[in-house]
Each structure stands twice: as C-alpha cells, then as structure tokens.
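start.cif follows (mmCIF, C-alpha atoms):
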data_coords
#
loop_
_atom_site.label_atom_id
_atom_site.label_comp_id
_atom_site.auth_asym_id
_atom_site.auth_seq_id
_atom_site.Cartn_x
_atom_site.Cartn_y
_atom_site.Cartn_z
CA MET A 1 -2.00 22.51 25.90
CA ALA A 2 -5.19 20.67 25.04
CA ASP A 3 -6.64 21.72 28.37
CA GLU A 4 -5.94 25.33 27.62
CA LYS A 5 -7.53 25.05 24.23
CA GLN A 6 -10.59 23.47 25.68
CA THR A 7 -11.04 26.19 28.26
CA LYS A 8 -10.68 28.85 25.63
CA ARG A 9 -13.21 27.19 23.44
CA LYS A 10 -15.73 26.95 26.23
CA LYS A 11 -15.32 30.63 27.00
CA ALA A 12 -15.74 31.60 23.38
CA ALA A 13 -18.72 29.36 22.83
CA PRO A 14 -21.71 31.43 24.09
CA GLY A 15 -23.32 33.56 21.43
CA ARG A 16 -21.12 32.24 18.68
CA SER A 17 -22.58 30.28 15.87
CA THR A 18 -19.51 29.82 13.72
CA ALA A 19 -17.75 26.79 15.08
CA VAL A 20 -14.21 25.96 14.06
CA PRO A 21 -14.57 22.96 11.73
CA ASN A 22 -11.99 20.87 13.57
CA ASP A 23 -13.77 21.33 16.86
CA ALA A 24 -17.20 20.51 15.52
CA PRO A 25 -18.58 17.28 16.91
CA PRO A 26 -18.66 14.48 14.34
CA PRO A 27 -21.97 14.30 12.49
CA ALA A 28 -24.24 11.60 13.79
CA LEU A 29 -24.11 8.43 11.75
CA GLU A 30 -27.24 7.19 10.11
CA PRO A 31 -28.38 3.64 10.85
CA ILE A 32 -27.25 2.51 7.40
CA ASP A 33 -23.73 3.82 8.11
CA GLU A 34 -23.67 1.98 11.42
CA LYS A 35 -24.62 -1.22 9.62
CA ILE A 36 -21.86 -0.78 7.05
CA ILE A 37 -19.30 -0.14 9.79
CA ALA A 38 -20.50 -3.13 11.80
CA GLU A 39 -20.01 -5.42 8.81
CA LEU A 40 -16.59 -3.99 8.04
CA ARG A 41 -15.52 -4.50 11.63
CA GLN A 42 -16.14 -8.22 11.11
CA SER A 43 -14.38 -8.34 7.78
CA GLY A 44 -12.79 -5.41 6.04
CA ARG A 45 -12.37 -7.46 2.86
CA ILE A 46 -16.02 -8.15 2.18
CA SER A 47 -16.87 -6.91 -1.31
CA ASN A 48 -19.27 -3.99 -1.71
CA ARG A 49 -21.66 -6.35 -3.49
CA ASN A 50 -21.73 -8.89 -0.64
CA LEU A 51 -21.93 -6.16 1.96
CA ALA A 52 -24.87 -4.64 0.11
CA ARG A 53 -26.59 -8.02 -0.02
CA THR A 54 -26.03 -8.64 3.71
CA ILE A 55 -27.59 -5.37 4.82
CA ASP A 56 -30.16 -5.36 2.01
CA VAL A 57 -29.35 -2.19 0.11
CA ASN A 58 -27.92 -1.73 -3.36
CA GLU A 59 -24.25 -1.79 -4.14
CA ALA A 60 -24.07 1.85 -5.23
CA THR A 61 -25.39 2.95 -1.84
CA VAL A 62 -22.65 1.04 -0.06
CA ARG A 63 -19.99 2.47 -2.34
CA THR A 64 -21.17 6.09 -1.91
CA ARG A 65 -21.71 5.82 1.84
CA LEU A 66 -18.37 4.21 2.44
CA ARG A 67 -16.55 6.81 0.37
CA LYS A 68 -18.24 9.55 2.37
CA LEU A 69 -17.39 7.89 5.69
CA GLU A 70 -13.76 7.53 4.68
CA SER A 71 -13.37 11.05 3.31
CA SER A 72 -14.84 12.56 6.48
CA ASP A 73 -12.38 10.47 8.55
CA ALA A 74 -15.24 8.82 10.39
CA VAL A 75 -14.00 5.39 9.48
CA ARG A 76 -11.10 3.78 7.70
CA VAL A 77 -10.61 0.20 6.63
CA VAL A 78 -7.07 -0.83 7.41
CA ALA A 79 -4.84 -3.87 7.41
CA MET A 80 -3.53 -4.36 10.92
CA ARG A 81 -0.40 -6.41 11.23
CA ASP A 82 0.13 -8.69 14.16
CA LEU A 83 3.30 -7.57 15.90
CA THR A 84 4.51 -11.07 16.72
CA ALA A 85 3.71 -12.45 13.29
CA MET A 86 5.71 -9.61 11.79
CA GLY A 87 8.66 -10.65 13.94
CA PHE A 88 8.46 -7.95 16.60
CA ASN A 89 9.04 -9.81 19.83
CA ALA A 90 10.07 -6.90 22.03
CA ILE A 91 7.51 -4.18 22.71
CA ALA A 92 8.32 -1.50 25.24
CA ALA A 93 6.32 1.34 26.78
CA VAL A 94 8.78 4.13 27.39
CA GLY A 95 8.27 7.26 29.47
CA VAL A 96 10.41 10.14 28.22
CA GLN A 97 11.59 13.10 30.25
CA VAL A 98 12.29 16.10 28.06
CA LYS A 99 14.55 19.04 28.78
CA GLY A 100 15.37 22.18 26.86
CA ARG A 101 12.86 21.60 24.08
CA SER A 102 9.10 21.30 23.89
CA ALA A 103 7.71 17.82 24.43
CA ALA A 104 5.68 18.08 21.22
CA GLU A 105 8.78 18.94 19.21
CA VAL A 106 10.72 16.01 20.60
CA GLY A 107 7.66 13.80 20.11
CA ARG A 108 7.41 14.74 16.45
CA GLU A 109 11.01 13.81 15.95
CA LEU A 110 10.56 10.46 17.69
CA ALA A 111 7.45 9.80 15.60
CA GLN A 112 9.60 9.70 12.49
CA PHE A 113 11.24 6.44 13.55
CA GLU A 114 9.50 3.39 12.11
CA GLU A 115 10.07 1.44 15.35
CA VAL A 116 8.24 4.06 17.40
CA ILE A 117 4.60 3.09 16.91
CA THR A 118 2.85 5.49 19.27
CA VAL A 119 3.81 8.90 20.63
CA ASN A 120 1.75 10.89 23.06
CA VAL A 121 2.44 14.11 24.93
CA THR A 122 1.31 13.30 28.46
CA ILE A 123 0.43 14.91 31.74
CA GLY A 124 1.56 12.77 34.59
CA MET A 125 4.86 11.17 35.39
CA TYR A 126 6.72 11.97 32.17
CA ASP A 127 6.50 14.40 29.27
CA LEU A 128 6.02 11.78 26.58
CA GLU A 129 4.84 8.21 26.41
CA VAL A 130 6.03 6.22 23.43
CA GLN A 131 5.81 2.59 22.38
CA VAL A 132 8.80 1.06 20.71
CA VAL A 133 8.89 -2.26 18.84
CA ALA A 134 11.96 -4.33 18.03
CA HIS A 135 12.74 -7.81 16.79
CA ASP A 136 14.58 -8.72 19.99
CA ILE A 137 16.03 -7.24 23.17
CA ALA A 138 19.36 -6.42 21.57
CA GLU A 139 17.64 -4.39 18.88
CA LEU A 140 15.44 -2.69 21.47
CA ASP A 141 18.54 -1.72 23.40
CA ARG A 142 20.10 -0.32 20.23
CA ILE A 143 17.01 1.76 19.42
CA LEU A 144 16.72 3.14 22.95
CA THR A 145 20.40 3.80 23.54
CA ASP A 146 21.72 4.75 20.12
CA VAL A 147 18.68 6.30 18.50
CA ILE A 148 16.11 7.67 20.94
CA ALA A 149 18.53 8.72 23.66
CA ARG A 150 20.44 10.82 21.13
CA VAL A 151 17.48 12.88 20.04
CA ASP A 152 17.98 16.47 21.13
CA GLY A 153 15.88 17.23 24.21
CA VAL A 154 15.54 13.63 25.39
CA GLU A 155 16.81 13.66 28.94
CA ARG A 156 15.87 10.35 30.56
CA LEU A 157 14.07 7.22 29.45
CA PHE A 158 11.88 5.02 31.64
CA PRO A 159 11.24 1.82 29.72
CA GLY A 160 9.01 -1.06 30.69
CA LEU A 161 8.80 -4.20 28.61
CA SER A 162 5.49 -5.73 27.63
CA MET A 163 5.65 -9.37 28.62
CA LYS A 164 2.30 -10.74 27.59
CA ILE A 165 -0.09 -8.66 25.53
CA LEU A 166 -3.62 -9.80 26.25
CA LYS A 167 -5.35 -7.20 24.16
CA TYR A 168 -4.24 -4.76 21.56
CA ASN A 169 -7.08 -3.82 19.35
CA PRO A 170 -6.89 -0.44 17.75
CA GLU A 171 -10.52 -0.29 16.73
CA TRP A 172 -10.70 3.28 17.87
CA VAL A 173 -7.98 5.51 16.62
CA PRO A 174 -7.43 9.19 16.03
CA LEU A 175 -7.96 9.55 12.27
CA MET B 16 -0.15 -19.99 17.47
CA THR B 17 2.28 -21.23 14.88
CA ARG B 18 4.26 -18.57 13.09
CA ILE B 19 4.29 -18.88 9.34
CA PRO B 20 7.21 -17.76 7.22
CA LEU B 21 6.54 -14.69 5.10
CA ASP B 22 8.15 -14.12 1.73
CA GLU B 23 8.56 -11.00 -0.36
CA LEU B 24 5.13 -11.29 -1.97
CA ASP B 25 3.44 -11.58 1.43
CA HIS B 26 5.13 -8.39 2.56
CA LYS B 27 4.18 -6.65 -0.68
CA ILE B 28 0.54 -7.60 -0.21
CA ILE B 29 0.58 -6.49 3.43
CA ASN B 30 2.09 -3.13 2.50
CA ARG B 31 -0.38 -2.63 -0.34
CA LEU B 32 -3.27 -3.26 2.03
CA GLY B 33 -1.68 -0.89 4.52
CA GLN B 34 -2.32 1.92 2.06
CA ASP B 35 -5.82 0.93 1.08
CA ALA B 36 -7.41 -2.16 2.53
CA ARG B 37 -10.47 -2.00 0.26
CA VAL B 38 -8.52 -2.54 -2.95
CA SER B 39 -9.79 -5.63 -4.78
CA ASN B 40 -7.73 -8.80 -5.22
CA ARG B 41 -8.00 -8.30 -8.96
CA GLU B 42 -6.53 -4.80 -8.72
CA ILE B 43 -3.63 -5.97 -6.52
CA GLY B 44 -3.01 -8.82 -8.97
CA ARG B 45 -2.98 -6.41 -11.87
CA GLU B 46 -0.48 -4.12 -10.13
CA PHE B 47 1.84 -7.00 -9.27
CA GLY B 48 1.42 -8.80 -12.57
CA LEU B 49 -0.14 -11.83 -10.88
CA THR B 50 -3.50 -13.54 -11.08
CA GLU B 51 -6.42 -12.66 -8.88
CA GLY B 52 -6.36 -16.27 -7.59
CA THR B 53 -2.75 -16.00 -6.41
CA ILE B 54 -3.54 -12.87 -4.44
CA ARG B 55 -6.71 -14.42 -3.03
CA SER B 56 -4.95 -17.55 -1.77
CA ARG B 57 -2.01 -15.60 -0.34
CA LEU B 58 -4.35 -13.24 1.43
CA LYS B 59 -6.42 -16.11 2.80
CA ARG B 60 -3.25 -17.64 4.24
CA LEU B 61 -2.30 -14.33 5.89
CA LEU B 62 -5.76 -13.87 7.36
CA ASP B 63 -6.23 -17.50 8.45
CA ASN B 64 -2.88 -17.51 10.23
CA LYS B 65 -3.66 -14.20 11.92
CA VAL B 66 -0.72 -12.39 10.43
CA ILE B 67 -3.01 -9.53 9.54
CA ARG B 68 -6.57 -8.53 10.15
CA VAL B 69 -8.46 -6.22 7.84
CA ALA B 70 -11.19 -4.29 9.55
CA ALA B 71 -12.83 -0.94 9.95
CA VAL B 72 -11.43 1.38 12.57
CA THR B 73 -13.48 4.35 13.61
CA ASN B 74 -12.41 7.76 14.67
CA ALA B 75 -11.60 7.40 18.36
CA ASN B 76 -14.99 6.05 19.35
CA ARG B 77 -16.49 9.17 17.83
CA LEU B 78 -15.35 11.13 20.83
CA THR B 79 -14.88 14.76 19.97
CA ASN B 80 -11.64 15.28 21.81
CA PRO B 81 -10.30 11.98 23.05
CA PHE B 82 -7.39 11.58 25.43
CA LEU B 83 -5.51 8.35 25.68
CA ALA B 84 -5.10 7.35 29.30
CA TYR B 85 -2.26 5.03 30.31
CA LEU B 86 -3.20 3.07 33.42
CA TRP B 87 -0.26 1.66 35.34
CA ILE B 88 -1.72 -0.98 37.59
CA GLU B 89 -0.21 -2.59 40.63
CA ALA B 90 -1.69 -5.90 41.75
CA ASP B 91 -2.33 -6.96 45.33
CA THR B 92 -0.20 -10.03 44.84
CA ALA B 93 1.75 -11.43 41.91
CA ALA B 94 -0.74 -14.30 41.81
CA ASP B 95 -3.58 -11.85 41.08
CA ILE B 96 -2.03 -10.55 37.89
CA GLN B 97 -3.31 -13.17 35.49
CA LEU B 98 -6.97 -12.94 36.47
CA LEU B 99 -6.72 -9.18 36.70
CA THR B 100 -5.44 -8.85 33.14
CA GLU B 101 -8.12 -11.20 31.85
CA ARG B 102 -10.80 -9.06 33.46
CA LEU B 103 -9.28 -5.90 32.02
CA ALA B 104 -9.14 -7.37 28.52
CA GLU B 105 -12.86 -8.12 28.70
CA LEU B 106 -13.73 -4.45 29.18
CA PRO B 107 -14.83 -2.88 25.89
CA GLU B 108 -13.41 0.51 26.93
CA ILE B 109 -9.92 -0.93 27.16
CA GLY B 110 -7.92 -1.11 23.92
CA PHE B 111 -4.61 -2.43 25.21
CA VAL B 112 -3.64 -4.72 28.08
CA SER B 113 -0.21 -6.08 28.80
CA THR B 114 1.69 -7.47 31.74
CA MET B 115 4.89 -5.54 32.29
CA LEU B 116 8.49 -6.08 33.14
CA GLY B 117 9.22 -2.84 34.95
CA ARG B 118 7.18 0.34 35.61
CA ALA B 119 4.08 -1.54 36.86
CA ASP B 120 2.54 -5.00 36.96
CA VAL B 121 0.08 -4.22 34.20
CA LEU B 122 -0.35 -1.50 31.58
CA ALA B 123 -3.83 -0.82 30.22
CA MET B 124 -4.94 1.91 27.86
CA THR B 125 -8.30 3.53 27.35
CA LEU B 126 -9.70 6.54 25.52
CA VAL B 127 -11.57 9.12 27.55
CA GLU B 128 -13.27 12.41 26.81
CA ASP B 129 -11.93 14.24 29.86
CA GLY B 130 -10.54 13.92 33.35
CA ASN B 131 -13.97 13.40 34.90
CA GLU B 132 -14.69 10.46 32.67
CA LEU B 133 -11.33 8.95 33.59
CA THR B 134 -11.93 9.38 37.33
CA GLU B 135 -15.35 7.83 36.95
CA PHE B 136 -13.96 4.89 34.99
CA LEU B 137 -11.16 4.34 37.51
CA HIS B 138 -13.49 4.39 40.50
CA GLN B 139 -16.51 2.65 39.06
CA THR B 140 -14.80 0.01 37.00
CA ILE B 141 -11.07 -0.49 37.48
CA ASP B 142 -10.93 -0.22 41.28
CA LYS B 143 -13.66 -2.82 41.55
CA ILE B 144 -11.67 -5.50 39.77
CA PRO B 145 -10.39 -7.93 42.40
CA GLY B 146 -6.64 -7.80 42.83
CA VAL B 147 -6.15 -4.14 41.89
CA ARG B 148 -4.06 -2.51 44.59
CA ARG B 149 -3.21 0.83 43.04
CA VAL B 150 -3.53 2.62 39.72
CA ARG B 151 -1.26 5.41 38.59
CA TYR B 152 -2.08 7.09 35.33
CA SER B 153 -0.69 9.40 32.75
CA LEU B 154 -3.00 11.26 30.46
CA GLY B 155 -2.08 11.63 26.82
CA GLN B 156 -2.94 15.16 25.77
CA ASN B 157 -1.88 15.09 22.25
CA PHE B 158 -1.62 12.17 19.83
CA ILE B 159 1.50 12.73 17.77
CA LYS B 160 1.60 9.23 16.33
CA HIS B 161 -0.64 6.26 16.58
CA ASP B 162 0.28 3.63 14.05
CA PHE B 163 -2.89 1.61 13.73
CA ARG B 164 -1.20 -0.72 11.27
CA TYR B 165 -0.04 -2.69 14.28
CA CYS B 166 -2.01 -4.82 16.68
CA ALA B 167 -1.91 -8.13 18.45
CA LEU B 168 -4.28 -10.72 17.08
CA ILE B 169 -5.50 -12.78 19.96
CA ASP B 170 -8.45 -15.15 19.83
#
Target format structure tokens, applied to this file:
Amino acid sequence: MADEKQTKRKKAAPGRSTAVPNDAPPPALEPIDEKIIAELRQSGRISNRNLARTIDVNEATVRTRLRKLESSDAVRVVAMRDLTAMGFNAIAAVGVQVKGRSAAEVGRELAQFEEVITVNVTIGMYDLEVQVVAHDIAELDRILTDVIARVDGVERLFPGLSMKILKYNPEWVPL
Amino acid sequence: MTRIPLDELDHKIINRLGQDARVSNREIGREFGLTEGTIRSRLKRLLDNKVIRVAAVTNANRLTNPFLAYLWIEADTAADIQLLTERLAELPEIGFVSTMLGRADVLAMTLVEDGNELTEFLHQTIDKIPGVRRVRYSLGQNFIKHDFRYCALID
C-alpha cells in the first residue's frame, strides 16, 4: 500500500507546487532546536531554566521552541518504562498470517490490546508483525491463544521469544 | 540490576509522565495532593534504578516516510551469537536487538527510507559483521502501533 502511494506521488510530483501536507518533508531544524533536542535526549526532566542556561539562551526561547517542536510532532519528551522493571518478563515477536480480512484491519484490532506494543503491516514472510509483552510465559500463552488467535481474520501465528534484549531504544519513533 | 518494588504512587507518577513528561514536580505534587519534595525523591528513585527514562524522542529520525525493517539473523555458529549481538547493538541505525528462541538466532530492527537503503545497509554493514550467516527480513509498510512508552534500559 505504501509502495503504491509512493509511486503515485512521484508521478504526480512534476509541475505541481501544492504538496499534500502529510507528505511534505519535515522542516529543517535550526541549530538551536538541535541543541534543545540534544539536551533533552540526555535528560528529559531538565527544567527549561537549566536547559536555557546550558545552551546559553533565555528561558522564554526554550519554552517557545520546545512547544513548536512538540506541536509539529518533530519531537516529544516521553517517559519510557523499562519492560523488565515493569514486570514484563516475556516479550515475543509474532508473525501473523491473515485471511479473509485486510491486514491493516486486523492490525488495528490487535493494536487495541494493551499487551500488544507494536503492530506493523509487513511485506515479507507474514502479513503482520506484532510484539507482545506478558508477565510470564503462562500469560503470554493466554494472550496468544485466547486473545490474539480469536481475532477475526487471524489465521496463523508464528511467535518467537526474545531471550536477551541487548538494545531497545525507541529514540526514533513515528509521531 | 536489582529490581525495586513499585507501589501505587510510583505507578501513578509513571502514568502521569506517560502523558506529559515535561510536567513539573510541583505540578504533579499539586495534582496528587503531595509535596514537590515527595515527587522529586520518588522520581529520582525511579530514574536511578532505571525503571523509567525520560528523554526526547524524535520523529523517526526525521525520515519522511520511514519503514521499519525486521532483520532475522542466523549466525554461523551458536558461539558467534553473543559477539554478533554486541556488534549489532553498537550500530546507531539499529533500535532493537534481541537473541531469540524460535524464528531466528537474532532479531534486529532498523528504520529505513526505502528498499534501496535497506539493501545497502544489509550489504555494507550487516553482512560484514563476523558470524552473520544469513539475514531474512520483513519490511514494515505501515506503523499501526508503536508504543514508545516501553523500552529496555541497558547500561
């Protein structure tokens, strides 16, 4: 689907000056914005006043810039919870084969479950890739067998269990 | 890493920050009817023990149309897996690395702009890591959900 869209856009591009807002490339960040983001990557809890002092601008500038960055979805400051610290010891990557319904439709339904933390429509081996978290293996089994497997359109599941996560850093996300 | 017990207040603070991580300690305290100092010390405990991390995330590396690529990696030998995953985790392009029970030896994830960029990355970078036997991939076309409130905090 995305491929199709891209091709269409490329065809439509020549001679057209009115770009669809969603497809417009993100505006380039000014050096001051980059500095603010760099500081907030280190610590999202730094106060505007201290941030302003660190990068040598006034506090109002930081406040305005940051608000603009957040409202344009260029950046967001979030609290990320460590899965293990939150008691989620079983994390699975599950390929989903879909039948009789569109993958996106099934994906949207799966996305409503709290335990399903990522959902992607994929090209490749399966129709969807999802990540499921659970407190233990028994709970994971329950979610896969009693919840996900019963969603209309879910045909087969291909789960793999994450044993040791060496890196999981969602610094770049679709906002 | 030692796991610390979390009580109701900890969870409340974590959830509050999940909505808006720039809210001040004083404001959280006011909402919960607690002092700024209580919130500050609780939050310090959560951050110091790596229960949460508060940081800026940016819009998919500022790519205009990012795809998430799932790389399913098979190692030459089981003994290569550890070093292989360590090398993968060092790559700034890679956002997720995990050894797997089933499906492949290792799962890694990266964001790419298009298929060409993925091919390039696979050939120029991943294939050159010692111990990589084979990489299968699936290309995410469409993010339906990506809950960035979760992560793994590793030193």
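From CA of Ala104 (chain B) back to CA of Phe136 (chain B), the distance works out to 14.7 Å.
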| field | Explicit residues for the PyMOL selection byres ((chain A) within 7 of (chain B)) (as a ChimeraX atom specification) | value | /A:2,25-26,37,40-45,73-83,85,107-108,111,117-125,160-175
| message | Can you tell me which residues surround Gly44 (chain B) at a distance of at most 12 Å, considering all atoms listed in the file, apart from same-chain residues fewer than 3 positions away, and format the answer as a PyMOL selection string? | response | chain B and resi 24+27-28+31+38-41+47-58
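In this model, the gap between CA of Gln97 (chain A) and CA of Leu128 (chain A) comes to 6.8 Å.
In this model, the gap between CA of Asn50 (chain A) and CA of Lys35 (chain A) comes to 13.1 Å.
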| task | Enumerate, as a PyMOL selection string, the residues matched when the PyMOL selection byres ((chain A and resi 95) around 6) is run on the file above. | result | chain A and resi 94+96+126+128-129+157-158
| request: To verify the selection step, state as a list in words which residues the PyMOL selection byres ((chain A and resi 136) around 10) yields on this input. | output: Gly87, Phe88, Asn89, Ala90, Ile91, Val133, Ala134, His135, Ile137, Ala138, Glu139, Leu140 and Asp141 of chain A
Report the centre and edge lengths, in Å to one decimal, of an axis-aligned box enclosing every atom of region 123-141 of chain A listed in the file, padded by 8 Å on each side, as JSON.
{"center_x": 9.9, "center_y": 3.1, "center_z": 26.1, "size_x": 34.9, "size_y": 39.6, "size_z": 34.6}
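Among the candidate residues B:Glu46, B:Glu135, B:Asp22, B:Gly146, the one lying nearest to Ala94 (chain B) is B:Gly146, with distances computed using only C-alpha atoms.
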Export region 80-92 of chain A from the structure block above, keeping all heavy atoms, as a PDB file, in the first residue's frame.
ATOM      1  N   MET A  80       9.803   6.610  29.215  1.00  0.00           N
ATOM      2  CA  MET A  80       9.857   5.247  28.704  1.00  0.00           C
ATOM      3  C   MET A  80      10.042   4.298  29.876  1.00  0.00           C
ATOM      4  O   MET A  80      10.883   4.528  30.734  1.00  0.00           O
ATOM      5  CB  MET A  80      11.018   5.107  27.723  1.00  0.00           C
ATOM      6  CG  MET A  80      10.794   5.902  26.456  1.00  0.00           C
ATOM      7  SD  MET A  80      12.266   5.931  25.407  1.00  0.00           S
ATOM      8  CE  MET A  80      13.010   7.453  25.956  1.00  0.00           C
ATOM      9  N   ARG A  81       9.225   3.279  29.901  1.00  0.00           N
ATOM     10  CA  ARG A  81       9.250   2.365  31.033  1.00  0.00           C
ATOM     11  C   ARG A  81      10.035   1.119  30.676  1.00  0.00           C
ATOM     12  O   ARG A  81       9.821   0.532  29.626  1.00  0.00           O
ATOM     13  CB  ARG A  81       7.825   1.971  31.401  1.00  0.00           C
ATOM     14  CG  ARG A  81       6.969   3.190  31.709  1.00  0.00           C
ATOM     15  CD  ARG A  81       5.548   2.805  31.946  1.00  0.00           C
ATOM     16  NE  ARG A  81       4.855   2.491  30.695  1.00  0.00           N
ATOM     17  CZ  ARG A  81       3.569   2.171  30.645  1.00  0.00           C
ATOM     18  NH1 ARG A  81       2.861   2.086  31.732  1.00  0.00           N
ATOM     19  NH2 ARG A  81       2.999   1.916  29.488  1.00  0.00           N
ATOM     20  N   ASP A  82      10.938   0.749  31.548  1.00  0.00           N
ATOM     21  CA  ASP A  82      11.703  -0.463  31.288  1.00  0.00           C
ATOM     22  C   ASP A  82      10.786  -1.679  31.422  1.00  0.00           C
ATOM     23  O   ASP A  82      10.120  -1.847  32.442  1.00  0.00           O
ATOM     24  CB  ASP A  82      12.856  -0.577  32.277  1.00  0.00           C
ATOM     25  CG  ASP A  82      13.675  -1.824  32.023  1.00  0.00           C
ATOM     26  OD1 ASP A  82      14.433  -1.826  31.049  1.00  0.00           O
ATOM     27  OD2 ASP A  82      13.524  -2.806  32.772  1.00  0.00           O
ATOM     28  N   LEU A  83      10.771  -2.507  30.393  1.00  0.00           N
ATOM     29  CA  LEU A  83       9.856  -3.642  30.378  1.00  0.00           C
ATOM     30  C   LEU A  83      10.057  -4.558  31.581  1.00  0.00           C
ATOM     31  O   LEU A  83       9.105  -4.953  32.231  1.00  0.00           O
ATOM     32  CB  LEU A  83      10.049  -4.443  29.080  1.00  0.00           C
ATOM     33  CG  LEU A  83       9.437  -3.828  27.822  1.00  0.00           C
ATOM     34  CD1 LEU A  83       9.933  -4.551  26.583  1.00  0.00           C
ATOM     35  CD2 LEU A  83       7.914  -3.897  27.887  1.00  0.00           C
ATOM     36  N   THR A  84      11.309  -4.885  31.861  1.00  0.00           N
ATOM     37  CA  THR A  84      11.586  -5.811  32.956  1.00  0.00           C
ATOM     38  C   THR A  84      11.226  -5.188  34.308  1.00  0.00           C
ATOM     39  O   THR A  84      10.621  -5.842  35.155  1.00  0.00           O
ATOM     40  CB  THR A  84      13.065  -6.232  32.951  1.00  0.00           C
ATOM     41  OG1 THR A  84      13.423  -6.537  31.606  1.00  0.00           O
ATOM     42  CG2 THR A  84      13.290  -7.452  33.800  1.00  0.00           C
ATOM     43  N   ALA A  85      11.584  -3.917  34.468  1.00  0.00           N
ATOM     44  CA  ALA A  85      11.264  -3.248  35.731  1.00  0.00           C
ATOM     45  C   ALA A  85       9.761  -3.170  35.950  1.00  0.00           C
ATOM     46  O   ALA A  85       9.289  -3.158  37.080  1.00  0.00           O
ATOM     47  CB  ALA A  85      11.876  -1.855  35.761  1.00  0.00           C
ATOM     48  N   MET A  86       9.008  -3.120  34.865  1.00  0.00           N
ATOM     49  CA  MET A  86       7.557  -3.063  34.983  1.00  0.00           C
ATOM     50  C   MET A  86       6.955  -4.468  35.120  1.00  0.00           C
ATOM     51  O   MET A  86       5.742  -4.629  35.129  1.00  0.00           O
ATOM     52  CB  MET A  86       6.932  -2.361  33.769  1.00  0.00           C
ATOM     53  CG  MET A  86       7.357  -0.912  33.567  1.00  0.00           C
ATOM     54  SD  MET A  86       7.029   0.172  34.972  1.00  0.00           S
ATOM     55  CE  MET A  86       5.248   0.245  34.928  1.00  0.00           C
ATOM     56  N   GLY A  87       7.826  -5.461  35.181  1.00  0.00           N
ATOM     57  CA  GLY A  87       7.352  -6.817  35.436  1.00  0.00           C
ATOM     58  C   GLY A  87       7.035  -7.634  34.202  1.00  0.00           C
ATOM     59  O   GLY A  87       6.504  -8.734  34.290  1.00  0.00           O
ATOM     60  N   PHE A  88       7.372  -7.088  33.016  1.00  0.00           N
ATOM     61  CA  PHE A  88       7.140  -7.864  31.795  1.00  0.00           C
ATOM     62  C   PHE A  88       8.387  -8.691  31.475  1.00  0.00           C
ATOM     63  O   PHE A  88       9.387  -8.178  31.005  1.00  0.00           O
ATOM     64  CB  PHE A  88       6.802  -6.946  30.619  1.00  0.00           C
ATOM     65  CG  PHE A  88       5.482  -6.259  30.769  1.00  0.00           C
ATOM     66  CD1 PHE A  88       5.411  -4.891  30.932  1.00  0.00           C
ATOM     67  CD2 PHE A  88       4.301  -6.993  30.764  1.00  0.00           C
ATOM     68  CE1 PHE A  88       4.180  -4.252  31.077  1.00  0.00           C
ATOM     69  CE2 PHE A  88       3.067  -6.369  30.913  1.00  0.00           C
ATOM     70  CZ  PHE A  88       3.008  -5.001  31.077  1.00  0.00           C
ATOM     71  N   ASN A  89       8.296  -9.971  31.749  1.00  0.00           N
ATOM     72  CA  ASN A  89       9.462 -10.833  31.562  1.00  0.00           C
ATOM     73  C   ASN A  89       9.410 -11.631  30.277  1.00  0.00           C
ATOM     74  O   ASN A  89      10.389 -12.248  29.894  1.00  0.00           O
ATOM     75  CB  ASN A  89       9.591 -11.783  32.753  1.00  0.00           C
ATOM     76  CG  ASN A  89       9.858 -11.010  34.023  1.00  0.00           C
ATOM     77  OD1 ASN A  89      10.812 -10.260  34.105  1.00  0.00           O
ATOM     78  ND2 ASN A  89       8.981 -11.154  35.001  1.00  0.00           N
ATOM     79  N   ALA A  90       8.251 -11.652  29.634  1.00  0.00           N
ATOM     80  CA  ALA A  90       8.131 -12.406  28.386  1.00  0.00           C
ATOM     81  C   ALA A  90       7.761 -11.448  27.262  1.00  0.00           C
ATOM     82  O   ALA A  90       6.727 -10.784  27.311  1.00  0.00           O
ATOM     83  CB  ALA A  90       7.078 -13.498  28.531  1.00  0.00           C
ATOM     84  N   ILE A  91       8.664 -11.335  26.288  1.00  0.00           N
ATOM     85  CA  ILE A  91       8.446 -10.446  25.156  1.00  0.00           C
ATOM     86  C   ILE A  91       8.573 -11.276  23.884  1.00  0.00           C
ATOM     87  O   ILE A  91       9.616 -11.885  23.647  1.00  0.00           O
ATOM     88  CB  ILE A  91       9.461  -9.291  25.166  1.00  0.00           C
ATOM     89  CG1 ILE A  91       9.290  -8.478  26.464  1.00  0.00           C
ATOM     90  CG2 ILE A  91       9.282  -8.374  23.952  1.00  0.00           C
ATOM     91  CD1 ILE A  91      10.595  -8.090  27.080  1.00  0.00           C
ATOM     92  N   ALA A  92       7.523 -11.296  23.096  1.00  0.00           N
ATOM     93  CA  ALA A  92       7.544 -12.127  21.896  1.00  0.00           C
ATOM     94  C   ALA A  92       7.381 -11.290  20.641  1.00  0.00           C
ATOM     95  O   ALA A  92       6.699 -10.272  20.638  1.00  0.00           O
ATOM     96  CB  ALA A  92       6.420 -13.167  21.968  1.00  0.00           C
TER      97      ALA A  92
END
